[in-house]
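K.L.:
Let me begin by handing over the structure; questions about it come next.
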Amino acid sequence: GVRLVSLASVRDETQVALAVATALELQEEQHRQVLDTLADHIRDKRLLVILDNCEHLLGACAGISEALLAHATAVRMLATSRQALGLIGEFIHRVPPLPVPESVASVSLEELRRVESVRLFAERAAAAAGSGFQLTEENATVVSRICRRLDGIPLAIELAAARVRTLPLTEIEKRLHDRFDLLSVGPSTSEPRHQTLRALIDWSHDLLSEREQRLFGRLGVFAGGWSLEAAEFVCADDGIEAREVLTLLSRLVEQSLVEVRAAGRRHGAPRYRMLEIVRAYARDHEDRGDFDDVRRRHVEYFGDLAEQAVRGLTGPEQAVWIAQLEENDANLRAAIDTAAESAIPLGLKMVGALGRYWYARGRWSEGRALMTEFLREPEAEPRNAERARALNWTGWLMYWQGDFEDANTVLMESLSISRELGDSLGIAEALNNLGAVETSRGHWDDARAHHEEALAIRRRAADRRAMAVSVHNLGETYLSQGEYEMARTALQESLTLFREVGYPMGADDSLSCLGQVAERMGDLNRATAYHEESLASRRERNEPVGTSESLRNLGRLAAQQGDYARAHALLTESLSIRRKLGDRMDIAAGLESLGALAARRGQATRAARILGAADALRERIHAPVWAGDRNEVERAVALVRDALSAEFDSEWSAGREMSDDAAIDLALAEN
């Protein structure tokens, strides 16, 4: 396949590996460097990875290209940049401008229309002028001279063609000539084409009205794109009223200085963007004093968006809000960078609000690093609600990275601040996360105490969604301790609460846990019913992670009941989904289930290799077998060891040497 890694809005070299991982749809893994995860993922892949806009990140792009190519023979890297990466074996392909006509006299009009630069000018001019412009014998000579003057640079041609609606061709040519004569005395170190393009933007900028110029400069604050609503809030002030923004913005679109894109994901409204070179020009030409106010409003707008998302990310519109934040990810990061320079308290509030977003998207390192950076600042030392929230999310991300001791320390500080402030909801959030940490450390009594206290607080606050989470977590704790009746009671209550508040994802999680409780209590029919209900709901909502979990649970139950054909069908569908998601922890679990099924069916050699591959994968990602699966896996390994006797070690080792893809192919194969 082909993966595009857009780096235009990435400003920190440490984020390049994360950008590549995101493009490859990989999530961070506990105790693993992102580069190691990438290297393992591509080892047996046949891929073209495109690193787009590398010039400001050359060192990082060169380093990651060299590292990945060293691990894979069938991977190719394509980098777009104004400079070469400087790697041994690098092949440089210089992208030329469009061909321009050498002479008009010796070619026919039809031949001229086939020259790419002329064709582009004619198409864009016709679009800018409605239906009035046509390439004719009379204007062909002037158009050809304009294209030659612009060196065939596509953006320059588009900008010039956009002026056809307001200027005659001869005037366009005249203005280009004057501008470039003046520019010829500039620095000789700049390439002529770069001089030409900047001069063309200069000229296009000069032809804007004063208010158009003012809006154009202010729009340079946006990274990645923006909505009309954002432009009205950020750019309206001191000479531009909010009601004027749409009209002025439309004029900039008509003149090819701004692009309009398809409707956004949340409100169905169009989005706008500038090419990076145009955006850089806009920022260079904005009045510094004015631009400081624009940057402040930019931080305010996207800080408010982050706060709005806090509740939305826990409700039935979670997917909508995640899409909204993803759409504005570059702007959110730009606003955070601005706050880091001049508004630490506002930045701390913003990163705390984005904690759930970074968690949901698997961007644990990024979120943790940003929150830690703000928390270290002297302006962030006051023990207030913003600090407590940022600490809470930092601890939660540390937990997902397996840093349980650090997570416990940070969460205890968050809890302490919330207790000082009398913030009961903050106390409950910290306790909830501490309960998860203690569960992972095997401190069952402490985990139970934390969840019970959090639940009591949430019951008093009558926050039914939060209550549902705490009751569910208590149910999982009871399940881990083997207290099945208490687990069933708690999970039934959480299921009811999740349904009352309209949170289907939580309801499906409770159904899944109820299925596990029924299985442990020996009621396989009831367990099957729970898992089938969760599967139907997850399929309807197109939730791949949950769907895969339900399929695996049903497959394991079918295997226990001796229906091996159904078990294989369910487990292979589950593993196929996990393979597509790239979630290697769950891939390991899927391999274990199919390995255990092969052992049940007497396929000892096949089972040994699949289970050996799963064991090696878990070792690489530092993830132990799940407690609920441990007995099943140990029984399967013992069964295979007895069946193979002296041959077990060699077959197990052969499985451990297999690549992830080879092991998955073996597990999915018909048998």
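Lettering and numbering for the structure tokens are positional, with chains as A, B, ... in the shown order, residues counted from 1 in each chain, and ligands counted from 1 in the shown order.
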Fewer than 5 positions away in the same chain doesn't count, so skip those; otherwise give me all residues within 6 Å of A:Ala447, counting only C-alpha atoms, as a ChimeraX atom specification.

P.N.:
/A:435,438-439

K.L.:
Where does DSSP see strand (DSSP E) in stretch 52-139 of chain A, if you list the residues as a list in words?

P.N.:
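Taking stretch 52-139 of chain A and keeping strand (DSSP E) only, one gets Asp52, Val75, Arg76, Met77, Leu78, Ala79 and Thr80 of chain A.
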
K.L.:
Stretch 7-209 of chain A: which residues are alpha helix (DSSP H) by DSSP, as JSON, numbers by chain?

P.N.:
{"A": [16, 17, 18, 19, 20, 21, 22, 23, 34, 35, 36, 37, 38, 39, 40, 41, 42, 58, 59, 60, 61, 62, 63, 64, 65, 66, 67, 68, 69, 70, 71, 109, 110, 111, 112, 113, 116, 117, 118, 119, 120, 121, 122, 123, 124, 125, 126, 127, 128, 140, 141, 142, 143, 144, 145, 146, 147, 148, 149, 154, 155, 156, 157, 158, 159, 160, 161, 169, 170, 171, 172, 173, 174, 175, 176, 177, 178, 179, 180, 181, 182, 183, 192, 193, 194, 195, 196, 197, 198, 199, 200, 201, 202, 203, 204, 205, 206]}

K.L.:
Emit the selected residues as a CSV table (one decimal), in the first residue's frame, including C-alpha atoms.

P.N.:
chain,number,residue,atom,x,y,z
A,16,VAL,CA,7.9,12.9,13.2
A,17,ALA,CA,7.9,9.2,14.3
A,18,LEU,CA,4.4,9.7,15.8
A,19,ALA,CA,3.2,11.2,12.5
A,20,VAL,CA,4.4,8.2,10.6
A,21,ALA,CA,2.8,5.8,13.2
A,22,THR,CA,-0.5,7.7,12.8
A,23,ALA,CA,-0.4,7.4,9.0
A,34,VAL,CA,7.5,4.5,18.7
A,35,LEU,CA,10.4,3.9,16.3
A,36,ASP,CA,10.7,0.2,17.5
A,37,THR,CA,6.9,-0.3,17.0
A,38,LEU,CA,7.3,1.1,13.4
A,39,ALA,CA,10.3,-1.0,12.6
A,40,ASP,CA,8.5,-4.2,13.7
A,41,HIS,CA,5.3,-3.3,11.8
A,42,ILE,CA,7.0,-2.7,8.5
A,58,LEU,CA,15.3,17.3,7.7
A,59,GLY,CA,17.3,15.6,10.5
A,60,ALA,CA,14.3,13.7,11.9
A,61,CYS,CA,13.1,12.7,8.4
A,62,ALA,CA,16.5,11.4,7.4
A,63,GLY,CA,16.9,9.5,10.7
A,64,ILE,CA,13.5,7.8,10.5
A,65,SER,CA,14.0,6.9,6.8
A,66,GLU,CA,17.4,5.4,7.5
A,67,ALA,CA,16.1,3.4,10.5
A,68,LEU,CA,13.0,2.0,8.7
A,69,LEU,CA,14.8,1.1,5.5
A,70,ALA,CA,17.3,-0.8,7.5
A,71,HIS,CA,14.5,-3.0,8.8
A,109,LEU,CA,-3.7,27.1,-31.6
A,110,GLU,CA,-4.6,23.4,-31.1
A,111,GLU,CA,-1.0,22.5,-30.4
A,112,LEU,CA,-0.7,25.5,-28.0
A,113,ARG,CA,-3.7,24.3,-26.1
A,116,GLU,CA,0.5,22.2,-20.0
A,117,SER,CA,1.2,25.7,-18.7
A,118,VAL,CA,-1.1,27.3,-21.3
A,119,ARG,CA,-3.8,24.7,-20.6
A,120,LEU,CA,-3.6,25.4,-16.9
A,121,PHE,CA,-3.9,29.1,-17.4
A,122,ALA,CA,-6.8,28.8,-19.8
A,123,GLU,CA,-8.7,26.4,-17.4
A,124,ARG,CA,-8.2,28.6,-14.3
A,125,ALA,CA,-8.9,31.8,-16.2
A,126,ALA,CA,-12.2,30.4,-17.5
A,127,ALA,CA,-13.1,29.4,-14.0
A,128,ALA,CA,-12.2,32.8,-12.5
A,140,ALA,CA,-2.7,33.2,-27.4
A,141,THR,CA,0.5,35.3,-27.8
A,142,VAL,CA,0.0,37.2,-24.6
A,143,VAL,CA,-1.0,34.1,-22.6
A,144,SER,CA,2.2,32.3,-23.9
A,145,ARG,CA,4.4,35.3,-22.8
A,146,ILE,CA,2.7,35.3,-19.3
A,147,CYS,CA,3.4,31.5,-18.9
A,148,ARG,CA,7.0,32.0,-19.9
A,149,ARG,CA,7.3,35.0,-17.6
A,154,PRO,CA,1.7,26.1,-11.4
A,155,LEU,CA,0.8,28.3,-8.3
A,156,ALA,CA,2.1,31.4,-10.1
A,157,ILE,CA,0.0,30.6,-13.2
A,158,GLU,CA,-3.1,30.0,-11.0
A,159,LEU,CA,-2.6,33.3,-9.2
A,160,ALA,CA,-2.2,35.2,-12.5
A,161,ALA,CA,-5.1,33.5,-14.1
A,169,LEU,CA,-4.4,40.1,-20.2
A,170,THR,CA,-2.1,43.0,-21.4
A,171,GLU,CA,-2.3,44.6,-18.0
A,172,ILE,CA,-1.5,41.4,-16.2
A,173,GLU,CA,1.6,41.0,-18.5
A,174,LYS,CA,2.6,44.6,-17.9
A,175,ARG,CA,2.4,44.3,-14.1
A,176,LEU,CA,4.4,41.0,-14.1
A,177,HIS,CA,7.1,42.7,-16.2
A,178,ASP,CA,7.4,45.7,-13.9
A,179,ARG,CA,7.5,43.5,-10.8
A,180,PHE,CA,10.1,41.1,-12.1
A,181,ASP,CA,12.4,43.9,-13.4
A,182,LEU,CA,12.5,45.3,-9.9
A,183,LEU,CA,13.1,41.9,-8.4
A,192,PRO,CA,15.1,32.4,-9.9
A,193,ARG,CA,11.9,30.3,-9.6
A,194,HIS,CA,11.6,31.1,-5.9
A,195,GLN,CA,12.1,34.8,-6.6
A,196,THR,CA,9.4,34.6,-9.3
A,197,LEU,CA,6.9,32.9,-7.0
A,198,ARG,CA,7.5,35.3,-4.1
A,199,ALA,CA,7.2,38.3,-6.5
A,200,LEU,CA,4.0,36.9,-7.9
A,201,ILE,CA,2.5,36.6,-4.4
A,202,ASP,CA,3.8,40.2,-3.7
A,203,TRP,CA,2.0,41.3,-6.8
A,204,SER,CA,-1.2,39.5,-6.0
A,205,HIS,CA,-1.1,40.8,-2.4
A,206,ASP,CA,-0.6,44.4,-3.7

K.L.:
Counting only C-alpha atoms, figure out which residue out of A:Ile92, A:Ala162, A:Gly152, A:Asn139 gets nearest to A:Val115.

P.N.:
A:Gly152

K.L.:
Could you pull the residues within 7 Å of A:Asn384, counting only C-alpha atoms, minus those fewer than 3 positions along the same chain, as a VMD selection string?

P.N.:
chain A and resid 387 to 388 417

K.L.:
Looking at only C-alpha atoms, which of A:Gln481, A:Gln401, A:Ser81, A:Ser227 is the one that sits closest to A:Gln324?

P.N.:
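So, comparing all the options, the nearest one is A:Ser227.
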
K.L.:
Do you know which residues are at most 8 Å from stretch 312-315 of chain A counting only C-alpha atoms, after dropping those on the same chain fewer than 5 positions away, and could you put them as a PyMOL selection string?

P.N.:
chain A and resi 321-322+356-357+502-503

K.L.:
Quick one, how far is atom CA of A:Glu232 from atom CA of A:Leu252?

P.N.:
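About the pair atom CA of A:Glu232 and atom CA of A:Leu252: they are 14.7 Å apart.
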
K.L.:
What separation in Å, quoted to one decimal, exists between atom CA of A:Thr80 and atom CA of A:Arg94?

P.N.:
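According to the coordinates, atom CA of A:Thr80 and atom CA of A:Arg94 are separated by 9.7 Å.
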
K.L.:
Would you compute the distance between atom CA of A:Gly89 and atom CA of A:Cys54? Give it in Å to one decimal.

P.N.:
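Pair atom CA of A:Gly89 / atom CA of A:Cys54 returns 17.8 Å.
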
K.L.:
Find the residue from A:Arg601, A:His451, A:Arg526, A:His472 that sits nearest to A:Ala507; use only C-alpha atoms when measuring.

P.N.:
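Among the listed residues, A:His472 lies closest to A:Ala507.
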
K.L.:
Here is a test: counting only C-alpha atoms, which residue of A:Ala613, A:Ala340, A:Ala607, A:Ala598 is nearest to A:Arg584?

P.N.:
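Looking only at the distances to A:Arg584, the closest residue turns out to be A:Ala613.
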
K.L.:
Out of A:Arg3, A:Glu326, A:Glu286, A:Thr136, which residue has the shortest atom-to-atom distance to A:Gly225 when counting only C-alpha atoms?

P.N.:
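That would be A:Glu326, the residue with the smallest distance to A:Gly225.
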
K.L.:
Which one is closest to A:Gly426: A:Met412, A:Leu305, A:Leu215, A:Ala599? Count only C-alpha atoms.

P.N.:
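When distances to A:Gly426 are compared using only C-alpha atoms, the smallest one comes from A:Met412.
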
K.L.:
Excluding stretch 259-261 of chain A and its own-chain neighbours fewer than 3 positions away, which residues fall within 8 Å of it when counting only C-alpha atoms? Please give them as a list in words.

P.N.:
Val253, Ser256, Pro270, Arg271, Tyr272, Arg273, Met274 and Leu275 of chain A
